[in-house]
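Asker: Next up is a structure, given as structure tokens.
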Amino acid sequence: MKLHYLLPLLLPLCAIASEEPVPYTCDNGSRLDISFSADTSGRPQASLHFADEAVILPQVPAASGALYRSGDIRLHTKDESAVLEDGKGNLRRCTRGTVAPATPQPAPQPGASSFIDITGSVTYLTRIALPPGAILTVRIQDTSRAGAPARTLVEQRYELNGAQVPIPFSATVDKDLLGKKTRLTVTARIEAGGKLRFISDKAYPALKDGQPVPVEMVLKPVTSRK
């Protein structure tokens with residue numbers, strides 16, 4: 001099964017998993033092997049093992065269970081169950097072990113996902129190239145509580161590896177983390193050589209009438225002070 005074309009151009013920082021794969025049996029009769037580990041920074045991740053490749057999904061915040069995501073691929077685990085969305089409208093419900101569930105549950109129709117995707121791009125107007133070691137950090141926050149600090153729902157770091165602006169990004173937010181009055185905003189920053197180089201000087205709204213909208217951020221250069 002080929003899933004590598006679903007991965008985004010810029011993957012969050014991660015390392016190859018080393019844990020022993022755990023077998024899951026799915027409602028369509030297929031088998032899914034998953035291993036769980038952590039990347040070099042200690043962030044949990046799951047690896048989907050196929051015949052000729054492994055797809056690594058970093059963990060992102062979820063209201064219950066554990067959610068792992070890379071590009072359009074999502075894996076949600078809780079207790080002995082796992083649900084895999086491949087980003088093409090296909091969904092598999094799986095149970096840990098090599099025996100299929102006694103009463104398979106029908107897969108929900110496309111569009112029934114309990115997650116929303118926040119997408120957009122980051123750029124700046126200064127005519128200067130980013131060094132190869134630059135790192136982009138994108139934060140999705142709830143800023144609805146007046147007088148209270150913003151609550152970070154998702155933080156993703158991208159190693160740019162020489163990529164230049166505009167830089168695309170995408171993040172998954174669990175709908176269960178959102179209240180009726182939630183105000184989702186996005187901020188970003190670019191660091192290089194341990195120094196902050198560019199930062200958003202405002203929070204960009206990510207929802208309109210309750211639905212996600214593309215977020216186009218223009219960062220400002222940070223002037224070093226001696």
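Labels for the structure tokens follow display order: chains A, B, ..., residues from 1 in each chain, ligands from 1.
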Show which residues sit within 6 Å of stretch 56-72 of chain A, as a PyMOL selection string. Count only C-alpha atoms, and ignore same-chain residues fewer than 5 positions away.

Answerer: chain A and resi 7-8+44-47+77-78+87+174+176-177

Asker: Please run DSSP on the backbone and report, as a count of residues only, all residues within stretch 100-221 of chain A that come out as strand (DSSP E).

Answerer: 62

Asker: Find the distance between atom CA of A:Phe50 and atom CA of A:Thr25 and write it in Å to one decimal.

Answerer: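 We find that atom CA of A:Phe50 and atom CA of A:Thr25 lie 13.8 Å from each other.
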
Asker: Residues at most 12 Å from A:Ile34, counting only C-alpha atoms, excluding those fewer than 4 positions away in the same chain, as a ChimeraX atom specification?

Answerer: /A:17-25,45-50,54-57,68,75-77,81-84,94-97

Asker: Just give me the gap between atom CA of A:Gly210 and atom CA of A:Val186 in Å, one decimal is fine.

Answerer: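 Spanning atom CA of A:Gly210 to atom CA of A:Val186 is a straight-line distance of 15.1 Å.
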
Asker: Let me make sure I understand: among A:Ile116, A:Val122, A:Ala206, A:Leu219, which one has the smallest atom-to-atom distance to A:Ala163 if we use only C-alpha atoms?

Answerer: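 Of the candidates, the smallest distance to A:Ala163 is held by A:Val122.
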
Asker: Could you tell me which of A:Ile135, A:Ile199, A:Ala51, A:Ala38 comes closest to A:Val218 if we count only C-alpha atoms?

Answerer: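 Going through A:Ile135, A:Ile199, A:Ala51, A:Ala38 one by one, the smallest distance to A:Val218 is for A:Ile199.
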
Asker: Can you pull out the residues contacting stretch 154-156 of chain A? Cut-off 6 Å, using only C-alpha atoms, and skip same-chain residues under 3 positions away; I want them as an MDAnalysis selection string.

Answerer: chainID A and resid 137:140

Asker: With only C-alpha atoms as the counted atoms, please give the residues lying no more than 8 Å from stretch 200-202 of chain A, apart from itself and same-chain residues fewer than 3 positions off, as a PyMOL selection string.

Answerer: chain A and resi 187-189+217-220

Asker: Can you spit out the residues from that selection as a short mmCIF file (atom, residue, chain, number, x, y, z; two decimals), in the first residue's frame, using C-alpha atoms?

Answerer:
```cif
data_model
loop_
_atom_site.label_atom_id
_atom_site.label_comp_id
_atom_site.auth_asym_id
_atom_site.auth_seq_id
_atom_site.Cartn_x
_atom_site.Cartn_y
_atom_site.Cartn_z
CA THR A 187 0.75 32.41 15.15
CA ALA A 188 4.15 31.52 13.73
CA ARG A 189 7.85 32.15 14.24
CA MET A 217 0.55 34.81 7.58
CA VAL A 218 3.11 37.55 6.91
CA LEU A 219 5.88 37.52 9.51
CA LYS A 220 7.91 40.52 10.63
#
```

Asker: In Å, with one decimal, what is the gap from atom CA of A:Thr185 to atom CA of A:Tyr124?

Answerer: 18.5 Å

Asker: Considering only C-alpha atoms, state which residue in the set A:Pro168, A:Gln141, A:Leu196, A:Gly89 is at the smallest distance from A:Thr123.

Answerer: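 Among the listed residues, A:Pro168 lies closest to A:Thr123.
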
Asker: So, counting only C-alpha atoms, which residue among A:Thr223, A:Asn28, A:Gln164, A:Ser35 is closest to A:Lys195?

Answerer: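 Closest candidate: A:Thr223.
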